[in-house]
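structure_6.txt (compact mmCIF, C-alpha atoms) appears below.
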# COMPACT_ATOMS: atom_id res chain seq x y z
CA MET A 893 -12.26 27.54 6.84
CA THR A 894 -12.74 25.70 3.53
CA SER A 895 -14.38 22.29 3.47
CA ALA A 896 -12.52 19.22 2.26
CA PRO A 897 -12.78 18.66 -1.52
CA HIS A 898 -15.31 16.11 -2.69
CA THR A 899 -13.82 12.77 -3.70
CA GLU A 900 -15.31 10.52 -6.36
CA HIS A 901 -17.17 7.45 -5.13
CA ARG A 902 -19.62 4.86 -6.30
CA VAL A 903 -23.34 5.39 -5.82
CA GLU A 904 -23.54 2.58 -3.22
CA ASP A 905 -20.92 4.51 -1.18
CA LEU A 906 -22.88 7.76 -1.14
CA CYS A 907 -21.00 10.36 0.91
CA PRO A 908 -22.60 11.80 4.09
CA ALA A 909 -22.96 15.29 2.57
CA GLY A 910 -24.64 13.82 -0.50
CA SER A 911 -27.00 11.68 1.59
CA GLU A 912 -28.00 14.72 3.67
CA LEU A 913 -28.66 16.93 0.64
CA TYR A 914 -30.61 14.18 -1.16
CA ALA A 915 -32.78 13.66 1.93
CA ARG A 916 -33.45 17.43 2.10
CA ALA A 917 -34.40 17.46 -1.59
CA LEU A 918 -36.85 14.61 -0.98
CA ARG A 919 -38.44 16.46 1.98
CA ASP A 920 -38.65 19.87 0.28
CA GLY A 921 -39.15 18.71 -3.30
CA TRP A 922 -36.10 20.63 -4.59
CA VAL A 923 -32.76 22.25 -3.70
CA LEU A 924 -30.83 25.10 -5.21
CA ARG A 925 -28.30 24.12 -7.86
CA ALA A 926 -25.64 26.04 -5.91
CA ASP A 927 -26.29 23.84 -2.86
CA ALA A 928 -25.23 20.79 -4.87
CA ASP A 929 -21.92 22.23 -6.07
CA ALA A 930 -20.09 20.64 -3.13
CA THR A 931 -21.70 17.23 -3.78
CA PRO A 932 -21.58 16.66 -7.55
CA CYS A 933 -22.13 12.94 -6.95
CA LEU A 934 -25.90 13.45 -6.72
CA VAL A 935 -26.12 14.80 -10.28
CA ASP A 936 -23.45 12.42 -11.59
CA HIS A 937 -25.34 9.39 -10.26
CA GLY A 938 -28.71 10.68 -11.47
CA LEU A 939 -30.24 11.31 -8.04
CA LEU A 940 -30.88 15.00 -8.79
CA HIS A 941 -31.84 16.59 -12.10
CA PRO A 942 -32.58 20.19 -13.22
CA ALA A 943 -36.14 21.41 -12.77
CA VAL A 944 -37.84 22.12 -16.08
CA GLU A 945 -39.47 25.37 -14.90
CA ASP A 946 -36.42 26.71 -13.04
CA LEU A 947 -32.92 25.68 -14.10
CA GLY A 948 -31.55 27.13 -10.87
CA ARG A 949 -33.22 24.34 -8.96
CA LEU A 950 -32.57 20.61 -8.81
CA GLU A 951 -35.34 18.10 -8.19
CA PRO A 952 -34.82 14.63 -6.66
CA VAL A 953 -35.45 11.38 -8.48
CA ALA A 954 -37.62 9.10 -6.33
CA PRO A 955 -35.42 6.58 -4.47
CA SER A 956 -37.48 3.63 -5.76
CA VAL A 957 -37.02 4.84 -9.36
CA ALA A 958 -33.28 5.44 -8.87
CA LEU A 959 -32.81 2.05 -7.22
CA HIS A 960 -34.67 0.24 -10.02
CA ARG A 961 -32.53 2.00 -12.67
CA LEU A 962 -29.25 1.26 -10.85
CA LEU A 963 -30.17 -2.41 -10.37
CA ARG A 964 -30.91 -2.70 -14.09
CA VAL A 965 -27.47 -1.25 -14.88
CA SER A 966 -25.86 -3.66 -12.41
CA GLU A 967 -27.70 -6.64 -13.87
CA SER A 968 -26.65 -5.63 -17.36
CA ARG A 969 -23.03 -5.33 -16.25
CA ILE A 970 -23.14 -8.78 -14.60
CA ALA A 971 -24.61 -10.27 -17.77
CA ASP A 972 -21.83 -8.67 -19.83
CA GLU A 973 -19.21 -10.14 -17.49
CA ARG A 974 -20.76 -13.60 -17.76
CA ARG A 975 -20.71 -13.38 -21.56
CA ARG A 976 -17.08 -12.26 -21.36
CA GLU A 977 -16.24 -15.25 -19.14
CA GLU A 978 -17.84 -17.58 -21.67
CA ARG A 979 -15.87 -16.02 -24.55
CA LEU A 980 -12.62 -16.22 -22.55
CA ALA A 981 -13.26 -19.90 -21.78
CA GLU A 982 -13.99 -20.63 -25.45
CA THR A 983 -10.83 -18.79 -26.56
CA PHE A 984 -8.42 -20.30 -24.04
CA GLU A 985 -9.74 -23.87 -23.75
CA PRO A 986 -7.94 -25.18 -26.89
CA LEU A 987 -4.81 -23.24 -25.90
CA VAL A 988 -4.82 -24.77 -22.41
CA ARG A 989 -4.98 -28.24 -24.00
CA ILE A 990 -1.94 -27.42 -26.15
CA ASP A 991 -0.06 -26.03 -23.12
CA SER A 992 -0.79 -29.09 -20.95
CA ARG A 993 0.49 -31.43 -23.69
CA GLY A 994 3.76 -29.50 -23.97
CA ALA A 995 4.27 -28.73 -20.25
CA PRO A 996 7.18 -30.43 -18.45
CA ALA A 997 6.29 -33.33 -16.16
CA THR A 998 7.53 -31.47 -13.09
CA GLY A 999 4.88 -28.78 -13.49
CA THR A 1000 7.21 -26.02 -12.27
CA PRO A 1001 5.14 -22.86 -11.62
CA ALA A 1002 5.82 -19.89 -13.83
CA THR A 1003 7.32 -16.54 -12.88
CA MET A 1004 5.06 -13.97 -14.48
CA VAL A 1005 5.54 -10.26 -15.22
CA ILE A 1006 2.48 -8.13 -14.36
CA SER A 1007 2.16 -4.69 -15.97
CA GLY A 1008 0.26 -1.71 -14.52
CA LYS A 1009 -0.43 -0.82 -10.91
CA GLU A 1010 -4.12 -1.72 -11.17
CA ARG A 1011 -3.36 -5.24 -12.43
CA ILE A 1012 -0.58 -5.64 -9.86
CA ASN A 1013 -2.93 -4.70 -7.00
CA GLN A 1014 -5.59 -7.01 -8.38
CA ALA A 1015 -3.16 -9.96 -8.49
CA ILE A 1016 -2.02 -9.26 -4.93
CA GLU A 1017 -5.61 -9.01 -3.68
CA GLU A 1018 -6.52 -12.31 -5.37
CA ALA A 1019 -3.56 -14.07 -3.73
CA MET A 1020 -4.35 -12.53 -0.33
CA SER A 1021 -7.99 -13.58 -0.59
CA GLU A 1022 -6.78 -17.18 -0.44
CA ALA A 1023 -4.30 -16.68 2.44
CA THR A 1024 -4.93 -18.99 5.40
CA ARG A 1025 -1.53 -19.17 7.17
CA GLU A 1026 0.63 -16.05 7.00
CA LEU A 1027 1.33 -12.84 5.12
CA LEU A 1028 4.89 -11.47 5.10
CA CYS A 1029 5.41 -7.87 3.92
CA ILE A 1030 8.39 -5.56 3.46
CA GLN A 1031 7.33 -1.92 3.09
CA PRO A 1032 10.26 0.47 2.46
CA ASN A 1033 9.83 4.23 2.70
CA SER A 1034 6.02 4.22 2.33
CA ASN A 1035 3.96 7.25 1.29
CA TYR A 1036 1.65 7.11 4.34
CA HIS A 1037 2.11 10.86 4.84
CA THR A 1038 0.43 11.66 1.48
CA GLN A 1039 -3.26 11.67 0.63
CA GLN A 1040 -2.64 8.83 -1.84
CA GLY A 1041 -0.93 6.86 0.90
CA GLU A 1042 -3.84 7.42 3.30
CA ASN A 1043 -6.33 6.21 0.69
CA ALA A 1044 -4.24 3.12 -0.01
CA GLN A 1045 -3.95 2.48 3.72
CA ALA A 1046 -7.73 2.53 4.12
CA VAL A 1047 -8.11 -0.09 1.38
CA ALA A 1048 -5.31 -2.22 2.84
CA LEU A 1049 -6.89 -2.20 6.30
CA SER A 1050 -10.05 -4.03 5.24
CA ARG A 1051 -8.06 -6.40 3.04
CA ASP A 1052 -5.61 -7.24 5.84
CA GLN A 1053 -8.37 -7.64 8.41
CA ALA A 1054 -10.00 -10.23 6.16
CA VAL A 1055 -6.69 -12.17 6.16
CA LEU A 1056 -6.54 -12.00 9.97
CA ASP A 1057 -10.18 -13.08 10.28
CA ARG A 1058 -9.31 -16.32 8.45
CA GLY A 1059 -6.79 -17.09 11.22
CA ALA A 1060 -3.66 -16.10 9.29
CA SER A 1061 -0.88 -13.95 10.75
CA ILE A 1062 0.67 -10.79 9.30
CA ARG A 1063 4.27 -9.70 9.84
CA THR A 1064 5.53 -6.45 8.31
CA LEU A 1065 9.01 -4.91 8.11
CA TYR A 1066 9.32 -1.12 7.83
CA GLN A 1067 12.24 1.28 7.90
CA HIS A 1068 13.09 3.12 11.12
CA THR A 1069 11.95 6.40 9.52
CA GLN A 1070 8.34 5.18 9.71
CA ARG A 1071 8.42 4.58 13.47
CA HIS A 1072 7.00 8.04 14.17
CA LEU A 1073 4.20 8.17 11.58
CA PRO A 1074 0.81 8.31 13.37
CA LEU A 1075 -0.91 6.51 10.49
CA VAL A 1076 1.37 3.49 10.88
CA PHE A 1077 0.54 3.16 14.58
CA ALA A 1078 -3.16 3.78 13.91
CA ARG A 1079 -3.09 0.80 11.54
CA TYR A 1080 -2.09 -1.60 14.33
CA GLU A 1081 -4.56 -0.11 16.76
CA ARG A 1082 -7.39 -0.86 14.33
CA LEU A 1083 -6.35 -4.34 13.19
CA THR A 1084 -7.40 -7.26 15.40
CA GLY A 1085 -5.59 -10.57 15.18
CA ASP A 1086 -2.06 -11.94 15.00
CA THR A 1087 -0.26 -8.98 13.47
CA GLN A 1088 3.27 -7.73 14.23
CA ALA A 1089 5.60 -5.09 12.84
CA ARG A 1090 9.32 -4.37 13.17
CA THR A 1091 11.76 -1.84 11.73
CA LEU A 1092 15.31 -1.70 10.40
CA ASP A 1093 17.56 1.06 9.08
CA GLU A 1094 17.51 -0.60 5.66
CA VAL A 1095 15.16 -3.12 4.10
CA THR A 1096 14.86 -4.66 0.66
CA GLU A 1097 12.48 -3.45 -2.03
CA ARG A 1098 8.77 -3.95 -1.43
CA THR A 1099 7.98 -7.65 -1.06
CA ILE A 1100 4.76 -9.53 -0.33
CA ILE A 1101 4.78 -13.27 0.41
CA VAL A 1102 1.47 -15.13 0.79
CA ASP A 1103 1.42 -18.49 2.62
CA ARG A 1104 4.99 -19.11 1.39
CA THR A 1105 3.50 -20.16 -1.93
CA VAL A 1106 3.52 -16.93 -3.96
CA ALA A 1107 5.65 -13.79 -3.77
CA PHE A 1108 5.35 -10.37 -5.39
CA VAL A 1109 8.36 -8.07 -5.96
CA PRO A 1110 8.80 -4.93 -8.12
CA ALA A 1111 10.31 -5.41 -11.58
CA ASN A 1112 11.22 -1.76 -12.20
CA LYS A 1113 12.00 1.42 -10.28
CA ASP A 1114 8.57 3.09 -10.41
CA ARG A 1115 6.76 -0.17 -9.52
CA THR A 1116 4.63 -0.24 -12.66
CA LEU A 1117 5.94 -3.76 -13.33
CA ALA A 1118 5.96 -6.62 -10.84
CA LEU A 1119 7.00 -10.26 -10.74
CA GLU A 1120 4.50 -12.83 -9.51
CA ILE A 1121 6.67 -15.74 -8.37
CA ARG A 1122 5.30 -19.20 -7.65
CA HIS A 1123 8.48 -21.26 -7.99
CA PRO A 1124 8.83 -22.99 -4.60
CA ALA A 1125 12.61 -22.52 -4.38
CA LEU A 1126 12.42 -18.80 -5.14
CA VAL A 1127 9.51 -18.20 -2.79
CA GLU A 1128 11.35 -20.04 -0.02
CA TYR A 1129 14.44 -17.90 -0.68
CA PHE A 1130 12.42 -14.69 -0.23
CA ALA A 1131 10.74 -16.05 2.91
CA THR A 1132 14.09 -17.07 4.43
CA THR A 1133 15.50 -13.61 3.70
CA PHE A 1134 12.48 -12.09 5.42
CA ASP A 1135 12.92 -14.32 8.48
CA ARG A 1136 16.56 -13.31 8.85
CA LEU A 1137 15.78 -9.61 8.55
CA TRP A 1138 12.93 -10.06 11.03
CA ARG A 1139 15.26 -11.45 13.69
CA LEU A 1140 17.53 -8.39 13.32
CA ALA A 1141 14.66 -5.87 13.46
CA THR A 1142 13.28 -3.82 16.35
CA PRO A 1143 9.60 -4.26 17.38
CA LEU A 1144 7.47 -1.33 16.25
CA TYR A 1145 4.38 -1.82 18.39
CA PRO A 1146 4.09 -1.31 21.26
CA LYS A 1147 6.58 1.51 20.93
CA ALA A 1148 10.09 0.41 21.81
CA ALA A 1149 12.47 2.55 23.81
CA PRO A 1150 14.85 4.59 21.62
CA GLN A 1151 18.26 3.04 21.07
CA PRO A 1152 20.91 4.67 23.26
CA SER A 1153 23.56 6.92 21.79
CA LEU A 1154 27.22 5.88 21.81
CA ASN A 1155 29.64 8.70 22.66
CA GLY A 1156 27.04 11.18 21.46
CA ILE A 1157 26.41 9.29 18.19
CA THR A 1158 22.81 8.18 17.69
CA ALA A 1159 21.74 4.89 16.10
CA ARG A 1160 20.61 6.79 12.98
CA GLN A 1161 23.99 8.51 12.70
CA ARG A 1162 25.78 5.17 13.07
CA ALA A 1163 23.73 3.80 10.17
CA ILE A 1164 24.72 6.84 8.10
CA ALA A 1165 28.36 6.45 9.16
CA SER A 1166 28.35 2.85 7.93
CA LEU A 1167 27.20 3.98 4.47
CA LEU A 1168 29.63 6.90 4.43
CA VAL A 1169 32.65 4.66 4.89
CA GLU A 1170 31.37 2.56 1.97
CA GLY A 1171 31.67 5.70 -0.17
CA HIS A 1172 28.02 6.38 -0.89
CA THR A 1173 26.73 9.84 -1.86
CA ASP A 1174 24.23 11.80 0.22
CA ALA A 1175 21.45 10.94 -2.26
CA VAL A 1176 22.13 7.20 -2.05
CA ILE A 1177 22.31 7.32 1.76
CA ALA A 1178 18.99 9.15 1.93
CA ASP A 1179 17.33 6.66 -0.42
CA ARG A 1180 18.59 3.56 1.40
CA LEU A 1181 17.57 4.84 4.83
CA GLY A 1182 14.21 6.23 3.73
CA LEU A 1183 15.15 9.87 4.44
CA ASN A 1184 14.85 12.99 2.35
CA ILE A 1185 18.25 14.27 1.30
CA ARG A 1186 18.02 17.40 3.45
CA THR A 1187 17.48 15.33 6.62
CA ALA A 1188 20.35 13.01 5.66
CA ARG A 1189 22.69 16.00 5.29
CA VAL A 1190 21.64 17.36 8.68
CA HIS A 1191 22.59 14.04 10.29
CA ILE A 1192 25.90 13.98 8.40
CA ALA A 1193 26.68 17.51 9.58
CA LYS A 1194 25.92 16.58 13.21
CA LEU A 1195 28.07 13.47 12.88
CA ALA A 1196 30.95 15.55 11.52
CA THR A 1197 30.60 18.07 14.36
CA THR A 1198 30.57 15.36 17.01
CA LEU A 1199 33.70 13.69 15.60
CA GLY A 1200 35.45 17.01 14.93
CA SER A 1201 35.72 16.49 11.18
CA GLU A 1202 36.51 19.37 8.82
CA SER A 1203 36.11 17.53 5.52
CA ARG A 1204 34.33 14.56 3.96
CA ALA A 1205 37.58 12.61 3.60
CA GLN A 1206 38.54 13.31 7.22
CA LEU A 1207 35.06 12.25 8.35
CA GLY A 1208 35.53 8.75 6.90
CA TYR A 1209 38.89 8.42 8.68
CA LEU A 1210 37.48 9.65 12.00
CA ILE A 1211 34.55 7.24 11.77
CA GLY A 1212 37.00 4.37 11.47
CA GLN A 1213 39.10 5.64 14.37
CA SER A 1214 36.12 6.32 16.66
CA GLY A 1215 35.07 2.69 16.94
CA ILE A 1216 31.37 3.58 16.59
CA LEU A 1217 30.92 0.88 13.95
CA ASP A 1218 32.63 -1.84 15.99
CA PRO A 1219 30.38 -4.73 17.09
CA PRO A 1220 29.04 -4.38 20.66
CA GLY A 1221 31.47 -5.68 23.30
I need this file expressed as C-alpha cells, please.
Amino acid sequence: MTSAPHTEHRVEDLCPAGSELYARALRDGWVLRADADATPCLVDHGLLHPAVEDLGRLEPVAPSVALHRLLRVSESRIADERRREERLAETFEPLVRIDSRGAPATGTPATMVISGKERINQAIEEAMSEATRELLCIQPNSNYHTQQGENAQAVALSRDQAVLDRGASIRTLYQHTQRHLPLVFARYERLTGDTQARTLDEVTERTIIVDRTVAFVPANKDRTLALEIRHPALVEYFATTFDRLWRLATPLYPKAAPQPSLNGITARQRAIASLLVEGHTDAVIADRLGLNIRTARVHIAKLATTLGSESRAQLGYLIGQSGILDPPG
C-alpha cells in the first residue's frame, strides 16, 4: 500500500512525518538521504542538509539555529510589507483627495470587478473577518468530492468557525445532489454555533452575502472574475432572493426523510420532467440540477419507462398528461 503523496506546506506547519524524521536526525546526528525522499519539506526549509563527508547522508540543522534564521526572514518580510504600505499610502493619498472632491454627495458604494481566484478569496475573507450578524451562502454543485474541494473545505471550516464565534449565524443553500456527500455532513458536525443548511433542485450561481452589506457573485463562467457589490439596493435584492429560496428549501441537517414518490415518479424525476417540458437538452438539465450528464440520462430513461414513452416528443406529452407537475392538492 503506497503512502499518501507529500503536500507542500509552510515551515510553521511542519507535517507529522517531517517532524518525526527531523527528531530522529537530531537524536542520531544524521539520516539517510533516501529516508527524506518522502518528506522533502525538511530539505526545502533548510532543516536538513547534505553531510560533507557522505553525500548519502543528511545532517540536521540545530533547531535554535533554524529558528533564528527563520525569524530573521520573517522580520525582513514584515519590514518589506511595512515599506510597501508606506509607498502605497504615499501613492494613493493625493488620488484619494481628488476622488473625494469629485465623488457624488450620496456616497453610493461602488460595484467592483475582482480578477483572479486568489484575489477573490482574499476579498471574501476580508469581508467575512468583519462579519458580526449573518453570512448567507449559495453553493451550487460544489467540488467537495475532489481533493481540491477537500482542501478548500478545510480552509473554509476555520474561517466559518471564526464567524460563528463572533456570534453571527451562517445559512447555506446547496443543491439536492449534495445531500449525500459525507464531507458536507461532516462540515456541520464540526462547526459549533448558529449554522443551518438547506437544499433545492436548482439554485442560483454561487453567492456570498456578508451582514447584508456586501455581496460577492461570479462575473464569468469559470469564476476567475467576481463582482464585489456594496450598493445597498443590490445587496438587499440578493438577500431577499436568498430568503425566498430558503423558505422553499428542504433542511439538510439533521437528515430529512426522502420525499415520497408520486405514481412511481421520484422528486428528482419530477424536477427533470419540469425541465424537459421546457425543452432543455440533457446537458442543460444535468448542469442546472448539479448532475453529471450520464446520471441525468439514467433518470430520463427511468421516467420514460414509468410513463410508457417511446420517444422524446411523446415523453413531453405524457408528462403533461400524467399530472406529475400539477401543484399538490
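Restricting the calculation to all atoms listed in the file, the smallest distance between Thr1197 (chain A) and any of A:Gln1161, A:Gln1070, A:Thr1116, A:Asn1184 is found for A:Gln1161.
CA of Pro1124 (chain A) sits 19.0 Å away from CA of Ala1111 (chain A).
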For Asp1179 (chain A), which residue out of A:Val923, A:Leu963, A:Val1095, A:Val1106 is the nearest one, using all atoms listed in the file? A:Val1095
Using only C-alpha atoms, what residues lie at most 10 Å away from (2.8, -19.4, 2.2) (file coordinates), given as a list in words? Ala1023, Thr1024, Arg1025, Glu1026, Leu1027, Leu1028, Ile1101, Val1102, Asp1103, Arg1104, Thr1105, Val1106, Ala1107, Pro1124, Val1127, Glu1128 and Ala1131 of chain A
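Put simply, CA of His1072 (chain A) is 22.9 Å away from CA of Ile1100 (chain A).
Note that the spacing between CA of Gln1088 (chain A) and CA of Ala1048 (chain A) amounts to 15.3 Å.
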Starting from the point (4.8, -5.2, 10.4), work out which residues of protein, DNA or RNA have an atom no more than 7 Å away when counting all atoms listed in the file; state them as a ChimeraX atom specification. /A:1063-1066,1088-1090
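Proximity to Arg1162 (chain A) was assessed for A:Leu1056, A:His960, A:Asp1093, A:Ala930 counting all atoms listed in the file; the smallest distance is recorded for A:Asp1093.
Taking only C-alpha atoms into account, Leu1137 (chain A) lies nearest to A:Gln1067 out of the set A:Gln1067, A:Ser1201, A:Thr1087, A:Ser911.
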Because some atoms of region 1008-1030 of chain A are absent here, can you restore N, CA, C and O atoms and send them as a PDB file, in the frame of the given file?
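That gives us rebuild-v1.pdb:
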ATOM      1  N   GLY A1008       1.294  -2.651 -14.940  1.00  0.00           N
ATOM      2  CA  GLY A1008       0.260  -1.710 -14.520  1.00  0.00           C
ATOM      3  C   GLY A1008      -0.113  -1.877 -13.066  1.00  0.00           C
ATOM      4  O   GLY A1008      -0.321  -3.006 -12.605  1.00  0.00           O
ATOM      5  N   LYS A1009      -0.183  -0.752 -12.348  1.00  0.00           N
ATOM      6  CA  LYS A1009      -0.430  -0.820 -10.910  1.00  0.00           C
ATOM      7  C   LYS A1009      -1.794  -1.426 -10.585  1.00  0.00           C
ATOM      8  O   LYS A1009      -1.944  -2.123  -9.582  1.00  0.00           O
ATOM      9  N   GLU A1010      -2.784  -1.172 -11.441  1.00  0.00           N
ATOM     10  CA  GLU A1010      -4.120  -1.720 -11.170  1.00  0.00           C
ATOM     11  C   GLU A1010      -4.099  -3.243 -11.248  1.00  0.00           C
ATOM     12  O   GLU A1010      -4.646  -3.936 -10.383  1.00  0.00           O
ATOM     13  N   ARG A1011      -3.429  -3.782 -12.280  1.00  0.00           N
ATOM     14  CA  ARG A1011      -3.360  -5.240 -12.430  1.00  0.00           C
ATOM     15  C   ARG A1011      -2.496  -5.858 -11.334  1.00  0.00           C
ATOM     16  O   ARG A1011      -2.775  -6.961 -10.861  1.00  0.00           O
ATOM     17  N   ILE A1012      -1.433  -5.137 -10.941  1.00  0.00           N
ATOM     18  CA  ILE A1012      -0.580  -5.640  -9.860  1.00  0.00           C
ATOM     19  C   ILE A1012      -1.388  -5.759  -8.568  1.00  0.00           C
ATOM     20  O   ILE A1012      -1.364  -6.790  -7.881  1.00  0.00           O
ATOM     21  N   ASN A1013      -2.108  -4.682  -8.223  1.00  0.00           N
ATOM     22  CA  ASN A1013      -2.930  -4.700  -7.000  1.00  0.00           C
ATOM     23  C   ASN A1013      -4.000  -5.785  -7.061  1.00  0.00           C
ATOM     24  O   ASN A1013      -4.299  -6.436  -6.048  1.00  0.00           O
ATOM     25  N   GLN A1014      -4.564  -5.985  -8.235  1.00  0.00           N
ATOM     26  CA  GLN A1014      -5.590  -7.010  -8.380  1.00  0.00           C
ATOM     27  C   GLN A1014      -5.005  -8.406  -8.140  1.00  0.00           C
ATOM     28  O   GLN A1014      -5.601  -9.240  -7.445  1.00  0.00           O
ATOM     29  N   ALA A1015      -3.806  -8.659  -8.678  1.00  0.00           N
ATOM     30  CA  ALA A1015      -3.160  -9.960  -8.490  1.00  0.00           C
ATOM     31  C   ALA A1015      -2.819 -10.198  -7.022  1.00  0.00           C
ATOM     32  O   ALA A1015      -2.995 -11.303  -6.497  1.00  0.00           O
ATOM     33  N   ILE A1016      -2.346  -9.137  -6.344  1.00  0.00           N
ATOM     34  CA  ILE A1016      -2.020  -9.260  -4.930  1.00  0.00           C
ATOM     35  C   ILE A1016      -3.283  -9.537  -4.112  1.00  0.00           C
ATOM     36  O   ILE A1016      -3.291 -10.392  -3.215  1.00  0.00           O
ATOM     37  N   GLU A1017      -4.351  -8.814  -4.412  1.00  0.00           N
ATOM     38  CA  GLU A1017      -5.610  -9.010  -3.680  1.00  0.00           C
ATOM     39  C   GLU A1017      -6.149 -10.425  -3.888  1.00  0.00           C
ATOM     40  O   GLU A1017      -6.661 -11.040  -2.942  1.00  0.00           O
ATOM     41  N   GLU A1018      -6.032 -10.951  -5.106  1.00  0.00           N
ATOM     42  CA  GLU A1018      -6.520 -12.310  -5.370  1.00  0.00           C
ATOM     43  C   GLU A1018      -5.717 -13.330  -4.564  1.00  0.00           C
ATOM     44  O   GLU A1018      -6.287 -14.276  -4.003  1.00  0.00           O
ATOM     45  N   ALA A1019      -4.394 -13.142  -4.507  1.00  0.00           N
ATOM     46  CA  ALA A1019      -3.560 -14.070  -3.730  1.00  0.00           C
ATOM     47  C   ALA A1019      -3.874 -13.964  -2.245  1.00  0.00           C
ATOM     48  O   ALA A1019      -3.977 -14.980  -1.542  1.00  0.00           O
ATOM     49  N   MET A1020      -4.055 -12.725  -1.752  1.00  0.00           N
ATOM     50  CA  MET A1020      -4.350 -12.530  -0.330  1.00  0.00           C
ATOM     51  C   MET A1020      -5.717 -13.068   0.047  1.00  0.00           C
ATOM     52  O   MET A1020      -5.929 -13.485   1.195  1.00  0.00           O
ATOM     53  N   SER A1021      -6.638 -13.075  -0.897  1.00  0.00           N
ATOM     54  CA  SER A1021      -7.990 -13.580  -0.590  1.00  0.00           C
ATOM     55  C   SER A1021      -7.982 -15.074  -0.311  1.00  0.00           C
ATOM     56  O   SER A1021      -8.948 -15.607   0.237  1.00  0.00           O
ATOM     57  N   GLU A1022      -6.889 -15.748  -0.681  1.00  0.00           N
ATOM     58  CA  GLU A1022      -6.780 -17.180  -0.440  1.00  0.00           C
ATOM     59  C   GLU A1022      -5.830 -17.498   0.712  1.00  0.00           C
ATOM     60  O   GLU A1022      -5.594 -18.670   1.023  1.00  0.00           O
ATOM     61  N   ALA A1023      -5.265 -16.463   1.352  1.00  0.00           N
ATOM     62  CA  ALA A1023      -4.300 -16.680   2.440  1.00  0.00           C
ATOM     63  C   ALA A1023      -4.987 -17.291   3.654  1.00  0.00           C
ATOM     64  O   ALA A1023      -6.041 -16.816   4.091  1.00  0.00           O
ATOM     65  N   THR A1024      -4.371 -18.343   4.202  1.00  0.00           N
ATOM     66  CA  THR A1024      -4.930 -18.990   5.400  1.00  0.00           C
ATOM     67  C   THR A1024      -3.884 -19.172   6.497  1.00  0.00           C
ATOM     68  O   THR A1024      -4.233 -19.546   7.608  1.00  0.00           O
ATOM     69  N   ARG A1025      -2.579 -18.929   6.177  1.00  0.00           N
ATOM     70  CA  ARG A1025      -1.530 -19.170   7.170  1.00  0.00           C
ATOM     71  C   ARG A1025      -0.801 -17.890   7.575  1.00  0.00           C
ATOM     72  O   ARG A1025      -0.837 -17.494   8.722  1.00  0.00           O
ATOM     73  N   GLU A1026      -0.129 -17.232   6.621  1.00  0.00           N
ATOM     74  CA  GLU A1026       0.630 -16.050   7.000  1.00  0.00           C
ATOM     75  C   GLU A1026       0.856 -15.131   5.797  1.00  0.00           C
ATOM     76  O   GLU A1026       0.877 -15.582   4.645  1.00  0.00           O
ATOM     77  N   LEU A1027       1.008 -13.860   6.119  1.00  0.00           N
ATOM     78  CA  LEU A1027       1.330 -12.840   5.120  1.00  0.00           C
ATOM     79  C   LEU A1027       2.581 -12.124   5.594  1.00  0.00           C
ATOM     80  O   LEU A1027       2.607 -11.594   6.714  1.00  0.00           O
ATOM     81  N   LEU A1028       3.630 -12.136   4.776  1.00  0.00           N
ATOM     82  CA  LEU A1028       4.890 -11.470   5.100  1.00  0.00           C
ATOM     83  C   LEU A1028       5.048 -10.272   4.171  1.00  0.00           C
ATOM     84  O   LEU A1028       4.917 -10.421   2.945  1.00  0.00           O
ATOM     85  N   CYS A1029       5.320  -9.086   4.732  1.00  0.00           N
ATOM     86  CA  CYS A1029       5.410  -7.870   3.920  1.00  0.00           C
ATOM     87  C   CYS A1029       6.671  -7.080   4.279  1.00  0.00           C
ATOM     88  O   CYS A1029       7.022  -6.963   5.456  1.00  0.00           O
ATOM     89  N   ILE A1030       7.314  -6.527   3.266  1.00  0.00           N
ATOM     90  CA  ILE A1030       8.390  -5.560   3.460  1.00  0.00           C
ATOM     91  C   ILE A1030       7.929  -4.263   2.794  1.00  0.00           C
ATOM     92  O   ILE A1030       7.610  -4.257   1.600  1.00  0.00           O
TER      93      ILE A1030
END
